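Student: Pasting input_20.cif below, which is mmCIF, N, CA and C atoms.
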```cif
data_run
#
loop_
_atom_site.label_atom_id
_atom_site.label_comp_id
_atom_site.auth_asym_id
_atom_site.auth_seq_id
_atom_site.Cartn_x
_atom_site.Cartn_y
_atom_site.Cartn_z
N MET W 14 112.30 -26.90 -88.97
CA MET W 14 110.92 -27.33 -89.10
C MET W 14 110.64 -28.36 -88.01
N THR W 15 109.48 -28.24 -87.38
CA THR W 15 109.10 -29.17 -86.34
C THR W 15 107.97 -30.06 -86.85
N VAL W 16 108.16 -31.35 -86.69
CA VAL W 16 107.14 -32.32 -87.05
C VAL W 16 106.67 -32.95 -85.77
N LEU W 17 105.36 -33.07 -85.60
CA LEU W 17 104.83 -33.67 -84.39
C LEU W 17 104.46 -35.12 -84.66
N THR W 18 105.07 -36.03 -83.89
CA THR W 18 104.64 -37.42 -83.93
C THR W 18 103.81 -37.62 -82.69
N TYR W 19 102.81 -38.46 -82.75
CA TYR W 19 101.89 -38.55 -81.64
C TYR W 19 101.23 -39.92 -81.57
N ASP W 20 100.68 -40.17 -80.42
CA ASP W 20 99.86 -41.35 -80.19
C ASP W 20 98.60 -41.17 -81.04
N ARG W 21 98.26 -42.15 -81.83
CA ARG W 21 97.11 -42.04 -82.74
C ARG W 21 95.80 -41.76 -82.02
N ARG W 22 95.75 -41.98 -80.74
CA ARG W 22 94.53 -41.70 -79.99
C ARG W 22 94.38 -40.23 -79.64
N THR W 23 95.43 -39.45 -79.85
CA THR W 23 95.36 -38.02 -79.56
C THR W 23 94.41 -37.37 -80.56
N ALA W 24 93.45 -36.64 -80.02
CA ALA W 24 92.43 -36.01 -80.87
C ALA W 24 93.04 -35.00 -81.83
N PRO W 25 92.59 -35.00 -83.09
CA PRO W 25 93.09 -34.01 -84.05
C PRO W 25 92.90 -32.57 -83.56
N THR W 26 91.83 -32.32 -82.85
CA THR W 26 91.60 -30.98 -82.29
C THR W 26 92.73 -30.62 -81.32
N ALA W 27 93.14 -31.58 -80.51
CA ALA W 27 94.23 -31.34 -79.56
C ALA W 27 95.52 -30.99 -80.30
N LEU W 28 95.77 -31.67 -81.40
CA LEU W 28 96.98 -31.39 -82.17
C LEU W 28 96.93 -29.99 -82.77
N ARG W 29 95.77 -29.57 -83.24
CA ARG W 29 95.64 -28.20 -83.77
C ARG W 29 95.87 -27.17 -82.67
N LEU W 30 95.35 -27.45 -81.49
CA LEU W 30 95.54 -26.52 -80.37
C LEU W 30 97.02 -26.45 -79.96
N LEU W 31 97.71 -27.57 -79.99
CA LEU W 31 99.13 -27.56 -79.68
C LEU W 31 99.91 -26.75 -80.72
N ALA W 32 99.55 -26.91 -81.97
CA ALA W 32 100.20 -26.11 -83.03
C ALA W 32 99.91 -24.63 -82.81
N GLY W 33 98.69 -24.30 -82.42
CA GLY W 33 98.34 -22.91 -82.12
C GLY W 33 99.10 -22.37 -80.93
N SER W 34 99.34 -23.22 -79.95
CA SER W 34 100.11 -22.83 -78.78
C SER W 34 101.55 -22.51 -79.18
N ARG W 35 102.14 -23.38 -79.99
CA ARG W 35 103.50 -23.13 -80.47
C ARG W 35 103.59 -21.82 -81.25
N ALA W 36 102.60 -21.59 -82.11
CA ALA W 36 102.59 -20.36 -82.91
C ALA W 36 102.48 -19.13 -82.01
N ALA W 37 101.63 -19.20 -81.01
CA ALA W 37 101.47 -18.07 -80.09
C ALA W 37 102.76 -17.80 -79.32
N LEU W 38 103.47 -18.86 -78.93
CA LEU W 38 104.74 -18.67 -78.23
C LEU W 38 105.77 -18.00 -79.15
N ARG W 39 105.82 -18.43 -80.40
CA ARG W 39 106.75 -17.77 -81.34
C ARG W 39 106.38 -16.29 -81.49
N GLU W 40 105.09 -16.02 -81.57
CA GLU W 40 104.63 -14.64 -81.69
C GLU W 40 104.99 -13.83 -80.45
N SER W 41 104.83 -14.43 -79.27
CA SER W 41 105.12 -13.70 -78.03
C SER W 41 106.59 -13.28 -77.97
N GLU W 42 107.45 -14.07 -78.54
CA GLU W 42 108.88 -13.75 -78.51
C GLU W 42 109.24 -12.60 -79.45
N ARG W 43 108.38 -12.29 -80.39
CA ARG W 43 108.64 -11.20 -81.33
C ARG W 43 108.19 -9.84 -80.81
N PHE W 44 107.32 -9.82 -79.82
CA PHE W 44 106.83 -8.55 -79.29
C PHE W 44 107.90 -7.89 -78.43
N GLU W 45 108.00 -6.58 -78.54
CA GLU W 45 108.92 -5.84 -77.69
C GLU W 45 108.27 -5.44 -76.38
N GLY W 46 106.98 -5.12 -76.43
CA GLY W 46 106.28 -4.68 -75.22
C GLY W 46 105.97 -5.83 -74.28
N ALA W 47 106.17 -5.58 -72.99
CA ALA W 47 105.94 -6.61 -71.98
C ALA W 47 104.48 -7.07 -71.95
N ALA W 48 103.56 -6.14 -72.08
CA ALA W 48 102.13 -6.49 -72.01
C ALA W 48 101.76 -7.46 -73.14
N GLU W 49 102.24 -7.18 -74.34
CA GLU W 49 101.94 -8.05 -75.48
C GLU W 49 102.58 -9.42 -75.32
N ARG W 50 103.85 -9.45 -74.85
CA ARG W 50 104.54 -10.72 -74.63
C ARG W 50 103.80 -11.56 -73.60
N TYR W 51 103.41 -10.91 -72.50
CA TYR W 51 102.74 -11.61 -71.42
C TYR W 51 101.40 -12.18 -71.90
N ALA W 52 100.59 -11.33 -72.52
CA ALA W 52 99.25 -11.76 -72.94
C ALA W 52 99.33 -12.89 -73.96
N THR W 53 100.26 -12.81 -74.88
CA THR W 53 100.37 -13.83 -75.92
C THR W 53 100.93 -15.14 -75.35
N ALA W 54 101.87 -15.05 -74.43
CA ALA W 54 102.39 -16.27 -73.79
C ALA W 54 101.31 -16.93 -72.95
N HIS W 55 100.49 -16.13 -72.29
CA HIS W 55 99.40 -16.68 -71.49
C HIS W 55 98.39 -17.38 -72.40
N LEU W 56 98.11 -16.77 -73.53
CA LEU W 56 97.22 -17.39 -74.51
C LEU W 56 97.80 -18.72 -75.00
N ALA W 57 99.10 -18.77 -75.21
CA ALA W 57 99.75 -20.02 -75.64
C ALA W 57 99.54 -21.11 -74.59
N ALA W 58 99.70 -20.75 -73.32
CA ALA W 58 99.48 -21.73 -72.25
C ALA W 58 98.02 -22.17 -72.21
N LEU W 59 97.12 -21.23 -72.43
CA LEU W 59 95.69 -21.57 -72.44
C LEU W 59 95.37 -22.53 -73.58
N ARG W 60 95.97 -22.33 -74.73
CA ARG W 60 95.76 -23.25 -75.85
C ARG W 60 96.33 -24.64 -75.54
N ALA W 61 97.45 -24.69 -74.86
CA ALA W 61 98.02 -25.98 -74.46
C ALA W 61 97.07 -26.69 -73.49
N ALA W 62 96.52 -25.94 -72.54
CA ALA W 62 95.55 -26.52 -71.61
C ALA W 62 94.32 -27.02 -72.36
N ALA W 63 93.86 -26.24 -73.34
CA ALA W 63 92.70 -26.64 -74.14
C ALA W 63 92.99 -27.93 -74.91
N ALA W 64 94.25 -28.13 -75.31
CA ALA W 64 94.62 -29.37 -76.00
C ALA W 64 94.43 -30.57 -75.09
N VAL W 65 94.81 -30.43 -73.83
CA VAL W 65 94.61 -31.52 -72.88
C VAL W 65 93.12 -31.78 -72.71
N LEU W 66 92.35 -30.72 -72.59
CA LEU W 66 90.90 -30.88 -72.45
C LEU W 66 90.30 -31.56 -73.67
N ALA W 67 90.76 -31.18 -74.86
CA ALA W 67 90.25 -31.79 -76.09
C ALA W 67 90.59 -33.27 -76.15
N ALA W 68 91.75 -33.62 -75.65
CA ALA W 68 92.19 -35.01 -75.71
C ALA W 68 91.59 -35.89 -74.61
N ARG W 69 91.36 -35.31 -73.44
CA ARG W 69 90.98 -36.13 -72.29
C ARG W 69 89.57 -35.91 -71.76
N ALA W 70 89.02 -34.74 -71.93
CA ALA W 70 87.74 -34.43 -71.29
C ALA W 70 86.62 -35.23 -71.94
N ARG W 71 85.69 -35.61 -71.14
CA ARG W 71 84.48 -36.30 -71.59
C ARG W 71 83.31 -35.37 -71.30
N PRO W 72 82.19 -35.55 -71.98
CA PRO W 72 81.04 -34.67 -71.73
C PRO W 72 80.67 -34.58 -70.26
N SER W 73 80.86 -35.64 -69.51
CA SER W 73 80.52 -35.60 -68.08
C SER W 73 81.48 -34.73 -67.28
N ASP W 74 82.67 -34.44 -67.84
CA ASP W 74 83.64 -33.59 -67.15
C ASP W 74 83.28 -32.11 -67.23
N VAL W 75 82.50 -31.74 -68.22
CA VAL W 75 82.15 -30.35 -68.45
C VAL W 75 80.89 -30.01 -67.66
N ARG W 76 81.01 -29.00 -66.84
CA ARG W 76 79.88 -28.60 -66.01
C ARG W 76 78.92 -27.75 -66.80
N ARG W 77 77.69 -27.70 -66.33
CA ARG W 77 76.67 -26.91 -67.03
C ARG W 77 76.93 -25.41 -66.95
N ARG W 78 77.44 -24.93 -65.85
CA ARG W 78 77.71 -23.50 -65.78
C ARG W 78 79.16 -23.24 -66.19
N PRO W 79 79.40 -22.08 -66.75
CA PRO W 79 80.75 -21.78 -67.25
C PRO W 79 81.80 -21.88 -66.14
N THR W 80 82.94 -22.40 -66.51
CA THR W 80 84.04 -22.48 -65.57
C THR W 80 85.34 -22.27 -66.33
N SER W 81 86.35 -21.97 -65.62
CA SER W 81 87.66 -21.70 -66.19
C SER W 81 88.28 -22.97 -66.78
N ALA W 82 89.01 -22.80 -67.86
CA ALA W 82 89.75 -23.94 -68.44
C ALA W 82 90.75 -24.47 -67.43
N TRP W 83 91.26 -23.58 -66.58
CA TRP W 83 92.24 -24.01 -65.58
C TRP W 83 91.60 -24.90 -64.53
N VAL W 84 90.36 -24.62 -64.16
CA VAL W 84 89.64 -25.47 -63.21
C VAL W 84 89.37 -26.82 -63.84
N LEU W 85 88.92 -26.82 -65.08
CA LEU W 85 88.67 -28.08 -65.78
C LEU W 85 89.95 -28.88 -65.95
N LEU W 86 91.05 -28.21 -66.25
CA LEU W 86 92.32 -28.91 -66.42
C LEU W 86 92.70 -29.66 -65.15
N THR W 87 92.50 -29.03 -64.02
CA THR W 87 92.83 -29.67 -62.75
C THR W 87 92.01 -30.94 -62.53
N SER W 88 90.76 -30.93 -62.96
CA SER W 88 89.92 -32.12 -62.77
C SER W 88 90.23 -33.21 -63.80
N VAL W 89 90.61 -32.82 -65.02
CA VAL W 89 90.88 -33.79 -66.08
C VAL W 89 92.31 -34.32 -66.02
N ALA W 90 93.24 -33.47 -65.62
CA ALA W 90 94.66 -33.84 -65.55
C ALA W 90 95.24 -33.32 -64.24
N PRO W 91 94.95 -34.00 -63.13
CA PRO W 91 95.41 -33.52 -61.82
C PRO W 91 96.92 -33.33 -61.74
N GLU W 92 97.67 -34.06 -62.55
CA GLU W 92 99.13 -33.91 -62.54
C GLU W 92 99.56 -32.53 -63.04
N LEU W 93 98.66 -31.81 -63.69
CA LEU W 93 98.96 -30.46 -64.17
C LEU W 93 98.32 -29.39 -63.28
N GLY W 94 97.83 -29.79 -62.12
CA GLY W 94 97.12 -28.88 -61.22
C GLY W 94 97.93 -27.68 -60.77
N GLU W 95 99.21 -27.88 -60.45
CA GLU W 95 100.03 -26.74 -60.02
C GLU W 95 100.21 -25.74 -61.15
N TRP W 96 100.40 -26.24 -62.36
CA TRP W 96 100.51 -25.35 -63.51
C TRP W 96 99.20 -24.61 -63.74
N ALA W 97 98.10 -25.31 -63.59
CA ALA W 97 96.79 -24.67 -63.76
C ALA W 97 96.63 -23.52 -62.78
N GLY W 98 97.01 -23.75 -61.54
CA GLY W 98 96.93 -22.70 -60.53
C GLY W 98 97.83 -21.52 -60.86
N TYR W 99 99.01 -21.81 -61.34
CA TYR W 99 99.96 -20.76 -61.71
C TYR W 99 99.40 -19.87 -62.82
N PHE W 100 98.90 -20.50 -63.89
CA PHE W 100 98.38 -19.72 -65.01
C PHE W 100 97.05 -19.05 -64.66
N ALA W 101 96.24 -19.69 -63.84
CA ALA W 101 94.98 -19.06 -63.42
C ALA W 101 95.28 -17.78 -62.65
N ALA W 102 96.33 -17.80 -61.85
CA ALA W 102 96.69 -16.62 -61.06
C ALA W 102 97.12 -15.45 -61.96
N GLY W 103 97.57 -15.74 -63.17
CA GLY W 103 98.00 -14.69 -64.09
C GLY W 103 96.90 -14.19 -65.01
N ALA W 104 95.70 -14.74 -64.87
CA ALA W 104 94.60 -14.37 -65.78
C ALA W 104 94.23 -12.89 -65.68
N GLU W 105 94.23 -12.34 -64.49
CA GLU W 105 93.88 -10.92 -64.34
C GLU W 105 94.93 -10.02 -64.99
N LYS W 106 96.21 -10.39 -64.85
CA LYS W 106 97.27 -9.61 -65.49
C LYS W 106 97.13 -9.70 -67.01
N ARG W 107 96.78 -10.89 -67.50
CA ARG W 107 96.57 -11.03 -68.94
C ARG W 107 95.44 -10.12 -69.40
N ALA W 108 94.34 -10.10 -68.65
CA ALA W 108 93.20 -9.25 -69.02
C ALA W 108 93.61 -7.78 -69.02
N ALA W 109 94.39 -7.37 -68.04
CA ALA W 109 94.84 -5.98 -67.98
C ALA W 109 95.77 -5.67 -69.16
N ALA W 110 96.64 -6.62 -69.49
CA ALA W 110 97.54 -6.42 -70.62
C ALA W 110 96.76 -6.33 -71.92
N LEU W 111 95.76 -7.19 -72.08
CA LEU W 111 94.93 -7.15 -73.29
C LEU W 111 94.12 -5.86 -73.39
N ALA W 112 93.79 -5.30 -72.23
CA ALA W 112 93.04 -4.05 -72.21
C ALA W 112 93.92 -2.85 -72.55
N GLY W 113 95.21 -3.11 -72.73
CA GLY W 113 96.12 -2.03 -73.13
C GLY W 113 96.82 -1.34 -71.98
N LEU W 114 96.68 -1.85 -70.79
CA LEU W 114 97.34 -1.25 -69.64
C LEU W 114 98.83 -1.62 -69.68
N ARG W 115 99.63 -0.70 -70.14
CA ARG W 115 101.06 -0.96 -70.35
C ARG W 115 101.81 -1.28 -69.05
N THR W 116 101.30 -0.83 -67.93
CA THR W 116 101.97 -1.09 -66.66
C THR W 116 101.44 -2.34 -65.97
N ALA W 117 100.65 -3.14 -66.68
CA ALA W 117 100.06 -4.34 -66.08
C ALA W 117 101.11 -5.36 -65.68
N VAL W 118 102.18 -5.45 -66.47
CA VAL W 118 103.24 -6.42 -66.19
C VAL W 118 104.59 -5.80 -66.48
N THR W 119 105.59 -6.31 -65.81
CA THR W 119 106.95 -5.86 -66.05
C THR W 119 107.59 -6.71 -67.14
N ALA W 120 108.70 -6.24 -67.65
CA ALA W 120 109.44 -7.02 -68.65
C ALA W 120 109.87 -8.36 -68.06
N ARG W 121 110.27 -8.36 -66.82
CA ARG W 121 110.69 -9.61 -66.15
C ARG W 121 109.53 -10.60 -66.06
N GLU W 122 108.35 -10.11 -65.68
CA GLU W 122 107.18 -10.98 -65.59
C GLU W 122 106.83 -11.57 -66.96
N ALA W 123 106.94 -10.76 -67.99
CA ALA W 123 106.64 -11.25 -69.34
C ALA W 123 107.66 -12.30 -69.76
N ASP W 124 108.93 -12.04 -69.52
CA ASP W 124 109.97 -13.00 -69.88
C ASP W 124 109.80 -14.31 -69.12
N ASP W 125 109.48 -14.20 -67.84
CA ASP W 125 109.25 -15.40 -67.03
C ASP W 125 108.06 -16.20 -67.56
N LEU W 126 107.01 -15.50 -67.93
CA LEU W 126 105.82 -16.21 -68.41
C LEU W 126 106.09 -16.88 -69.76
N VAL W 127 106.82 -16.23 -70.64
CA VAL W 127 107.17 -16.85 -71.91
C VAL W 127 107.95 -18.14 -71.65
N ARG W 128 108.93 -18.07 -70.78
CA ARG W 128 109.73 -19.26 -70.44
C ARG W 128 108.86 -20.35 -69.83
N ASP W 129 107.99 -19.97 -68.90
CA ASP W 129 107.13 -20.95 -68.24
C ASP W 129 106.11 -21.55 -69.19
N ALA W 130 105.63 -20.76 -70.13
CA ALA W 130 104.68 -21.29 -71.12
C ALA W 130 105.37 -22.31 -72.02
N HIS W 131 106.63 -22.07 -72.35
CA HIS W 131 107.40 -23.06 -73.11
C HIS W 131 107.51 -24.38 -72.33
N THR W 132 107.84 -24.27 -71.06
CA THR W 132 107.96 -25.46 -70.22
C THR W 132 106.63 -26.19 -70.12
N PHE W 133 105.56 -25.44 -69.92
CA PHE W 133 104.23 -26.03 -69.81
C PHE W 133 103.84 -26.73 -71.12
N LEU W 134 104.09 -26.10 -72.25
CA LEU W 134 103.76 -26.72 -73.53
C LEU W 134 104.52 -28.03 -73.70
N ALA W 135 105.80 -28.04 -73.37
CA ALA W 135 106.59 -29.27 -73.48
C ALA W 135 106.02 -30.36 -72.58
N LEU W 136 105.61 -29.98 -71.38
CA LEU W 136 105.01 -30.95 -70.45
C LEU W 136 103.68 -31.48 -70.99
N VAL W 137 102.86 -30.60 -71.55
CA VAL W 137 101.59 -31.02 -72.14
C VAL W 137 101.83 -31.98 -73.30
N GLU W 138 102.80 -31.65 -74.15
CA GLU W 138 103.11 -32.54 -75.28
C GLU W 138 103.52 -33.92 -74.78
N THR W 139 104.33 -33.96 -73.75
CA THR W 139 104.75 -35.24 -73.18
C THR W 139 103.55 -35.97 -72.57
N THR W 140 102.72 -35.24 -71.86
CA THR W 140 101.53 -35.83 -71.23
C THR W 140 100.61 -36.46 -72.27
N LEU W 141 100.49 -35.81 -73.42
CA LEU W 141 99.60 -36.31 -74.48
C LEU W 141 100.29 -37.29 -75.43
N GLY W 142 101.57 -37.55 -75.22
CA GLY W 142 102.29 -38.46 -76.09
C GLY W 142 102.67 -37.85 -77.42
N VAL W 143 102.79 -36.54 -77.45
CA VAL W 143 103.19 -35.82 -78.67
C VAL W 143 104.67 -35.49 -78.52
N LEU W 144 105.46 -35.96 -79.46
CA LEU W 144 106.89 -35.73 -79.39
C LEU W 144 107.34 -34.87 -80.56
N PRO W 145 107.80 -33.65 -80.28
CA PRO W 145 108.27 -32.80 -81.37
C PRO W 145 109.63 -33.31 -81.87
N ASP W 146 109.73 -33.60 -83.13
CA ASP W 146 110.99 -34.03 -83.75
C ASP W 146 111.49 -32.90 -84.62
N THR W 147 112.69 -32.44 -84.35
CA THR W 147 113.27 -31.40 -85.18
C THR W 147 114.05 -32.05 -86.30
N LEU W 148 113.70 -31.70 -87.52
CA LEU W 148 114.36 -32.29 -88.69
C LEU W 148 115.40 -31.33 -89.23
N ASP W 149 116.57 -31.84 -89.46
CA ASP W 149 117.63 -31.03 -90.07
C ASP W 149 117.57 -31.23 -91.56
N ARG W 150 117.03 -30.26 -92.26
CA ARG W 150 116.87 -30.38 -93.71
C ARG W 150 118.09 -29.82 -94.45
N ALA W 151 119.04 -29.31 -93.70
CA ALA W 151 120.22 -28.73 -94.36
C ALA W 151 121.16 -29.82 -94.87
N GLY W 152 121.11 -31.02 -94.28
CA GLY W 152 122.05 -32.08 -94.62
C GLY W 152 121.71 -32.78 -95.84
#
```
Written as structure tokens, that's how I'd like the structure from this file.

Tutor:
Amino acid sequence: MTVLTYDRRTAPTALRLLAGSRAALRESERFEGAAERYATAHLAALRAAAAVLAARARPSDVRRRPTSAWVLLTSVAPELGEWAGYFAAGAEKRAAALAGLRTAVTAREADDLVRDAHTFLALVETTLGVLPDTLDRAG
């Protein structure tokens, strides 16, 4: 069981998004198909990015015309800019995978994205001051 301890200033919405990101990552690991693994891992990363936006973005940060969460993430958390670029580059593959195109991604690409989404989520949790504590209830 994972319990999240956090800085009290972290928005409750951000914590819900982080929990959703963790759940999506667990789900991505259960899929056998590469397209499903890739799309779900990408969604997990998007939820982690949304958590940063929920915690840090101010109304003045949000532009009037629609923009990508990855673009907003770069402006709100520049230290995550390289990750934002990485996941933004995979958005088209995610869309193709969600559309059911089985050849959209390879098994290797899906495995790499699952791993990278885990790393990104851990970095986001650290950035927001959220520390996952694993409790051993067997003892």

Student: Which residue gives the smallest distance to Leu31 of chain W among W:Val89, W:Ala63, W:Ala130, W:Leu111, with all atoms listed in the file counted?

Tutor: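 Ranked by minimum distance to Leu31 of chain W, first place goes to W:Ala63.
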
Student: Would you compute the distance between atom C of Ala54 of chain W and atom CA of Val84 of chain W? Give it in Å to one decimal.

Tutor: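 Here the two named atoms are 17.4 Å from each other.
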
Student: Given the file above and the PyMOL selection byres ((chain W and resi 97-109) around 8), which residues are selected, and can you give them as a list of chain:residue names?

Tutor: W:Ala48, W:Tyr51, W:Ala52, W:Thr53, W:His55, W:Leu56, W:Ala58, W:Leu59, W:Ala82, W:Trp83, W:Val84, W:Leu86, W:Thr87, W:Glu92, W:Leu93, W:Gly94, W:Glu95, W:Trp96, W:Ala110, W:Leu111, W:Ala112, W:Gly113, W:Leu114, W:Arg115, W:Thr116, W:Ala117, W:Val118

Student: Using the chain letters and numbers from this file, what does the PyMOL selection byres (((chain W and resi 34 and name CA) around 8) and name CA) select? Give the answer as a PDB file with N, CA and C atoms, keeping the file's coordinate frame.

Tutor:
```
ATOM      1  N   LEU W  30      95.350 -27.450 -81.490  1.00  0.00           N
ATOM      2  CA  LEU W  30      95.540 -26.520 -80.370  1.00  0.00           C
ATOM      3  C   LEU W  30      97.020 -26.450 -79.960  1.00  0.00           C
ATOM      4  N   LEU W  31      97.710 -27.570 -79.990  1.00  0.00           N
ATOM      5  CA  LEU W  31      99.130 -27.560 -79.680  1.00  0.00           C
ATOM      6  C   LEU W  31      99.910 -26.750 -80.720  1.00  0.00           C
ATOM      7  N   ALA W  32      99.550 -26.910 -81.970  1.00  0.00           N
ATOM      8  CA  ALA W  32     100.200 -26.110 -83.030  1.00  0.00           C
ATOM      9  C   ALA W  32      99.910 -24.630 -82.810  1.00  0.00           C
ATOM     10  N   GLY W  33      98.690 -24.300 -82.420  1.00  0.00           N
ATOM     11  CA  GLY W  33      98.340 -22.910 -82.120  1.00  0.00           C
ATOM     12  C   GLY W  33      99.100 -22.370 -80.930  1.00  0.00           C
ATOM     13  N   ARG W  35     102.140 -23.380 -79.990  1.00  0.00           N
ATOM     14  CA  ARG W  35     103.500 -23.130 -80.470  1.00  0.00           C
ATOM     15  C   ARG W  35     103.590 -21.820 -81.250  1.00  0.00           C
ATOM     16  N   ALA W  36     102.600 -21.590 -82.110  1.00  0.00           N
ATOM     17  CA  ALA W  36     102.590 -20.360 -82.910  1.00  0.00           C
ATOM     18  C   ALA W  36     102.480 -19.130 -82.010  1.00  0.00           C
ATOM     19  N   ALA W  37     101.630 -19.200 -81.010  1.00  0.00           N
ATOM     20  CA  ALA W  37     101.470 -18.070 -80.090  1.00  0.00           C
ATOM     21  C   ALA W  37     102.760 -17.800 -79.320  1.00  0.00           C
ATOM     22  N   LEU W  38     103.470 -18.860 -78.930  1.00  0.00           N
ATOM     23  CA  LEU W  38     104.740 -18.670 -78.230  1.00  0.00           C
ATOM     24  C   LEU W  38     105.770 -18.000 -79.150  1.00  0.00           C
ATOM     25  N   LEU W  56      98.110 -16.770 -73.530  1.00  0.00           N
ATOM     26  CA  LEU W  56      97.220 -17.390 -74.510  1.00  0.00           C
ATOM     27  C   LEU W  56      97.800 -18.720 -75.000  1.00  0.00           C
ATOM     28  N   ALA W  57      99.100 -18.770 -75.210  1.00  0.00           N
ATOM     29  CA  ALA W  57      99.750 -20.020 -75.640  1.00  0.00           C
ATOM     30  C   ALA W  57      99.540 -21.110 -74.590  1.00  0.00           C
ATOM     31  N   ALA W  58      99.700 -20.750 -73.320  1.00  0.00           N
ATOM     32  CA  ALA W  58      99.480 -21.730 -72.250  1.00  0.00           C
ATOM     33  C   ALA W  58      98.020 -22.170 -72.210  1.00  0.00           C
ATOM     34  N   LEU W  59      97.120 -21.230 -72.430  1.00  0.00           N
ATOM     35  CA  LEU W  59      95.690 -21.570 -72.440  1.00  0.00           C
ATOM     36  C   LEU W  59      95.370 -22.530 -73.580  1.00  0.00           C
ATOM     37  N   ARG W  60      95.970 -22.330 -74.730  1.00  0.00           N
ATOM     38  CA  ARG W  60      95.760 -23.250 -75.850  1.00  0.00           C
ATOM     39  C   ARG W  60      96.330 -24.640 -75.540  1.00  0.00           C
ATOM     40  N   ALA W  61      97.450 -24.690 -74.860  1.00  0.00           N
ATOM     41  CA  ALA W  61      98.020 -25.980 -74.460  1.00  0.00           C
ATOM     42  C   ALA W  61      97.070 -26.690 -73.490  1.00  0.00           C
ATOM     43  N   LEU W 134     104.090 -26.100 -72.250  1.00  0.00           N
ATOM     44  CA  LEU W 134     103.760 -26.720 -73.530  1.00  0.00           C
ATOM     45  C   LEU W 134     104.520 -28.030 -73.700  1.00  0.00           C
TER      46      LEU W 134
END
```

Student: Could you write out, as a list in words, all the residues of chain W that DSSP marks as strand (DSSP E)?

Tutor: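 Output for chain W, strand (DSSP E) only: Thr15, Val16, Leu17, Thr18, Tyr19, Val143, Leu144, Pro145, Asp146 and Thr147 of chain W.
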
Student: Figure out the distance between atom CA of Ala70 of chain W and atom C of Leu141 of chain W, please, to one decimal in Å.

Tutor: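 Computing the Euclidean distance for atom C of Leu141 of chain W and atom CA of Ala70 of chain W yields 13.5 Å.
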
Student: One number please: atom CA of Val65 of chain W to atom CA of Ala90 of chain W, in Å, one decimal.

Tutor: 7.7 Å

Student: Applying the PyMOL selection byres (((chain W and resi 123 and name CA) around 8) and name CA) to the file I just gave you, which residues come out? Please list them as a ChimeraX atom specification.

Tutor: /W:47-48,50-51,54,118-122,124-127

Student: Edge lengths and centre in Å to one decimal, as AutoDock Vina command-line options, is what I'm after for the box along x, y and z that holds all listed atoms of segment 80-86 of chain W once 8 Å is added on each side.

Tutor:
```
--center_x 87.8 --center_y -25.7 --center_z -65.8 --size_x 25.8 --size_y 24.0 --size_z 21.2
```

Student: My list of candidates is W:Ala62, W:Pro91, W:Ala68, W:Thr80. Which is closest to Val137 of chain W when distances are computed with all atoms listed in the file?

Tutor: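 Among the listed residues, W:Ala62 lies closest to Val137 of chain W.
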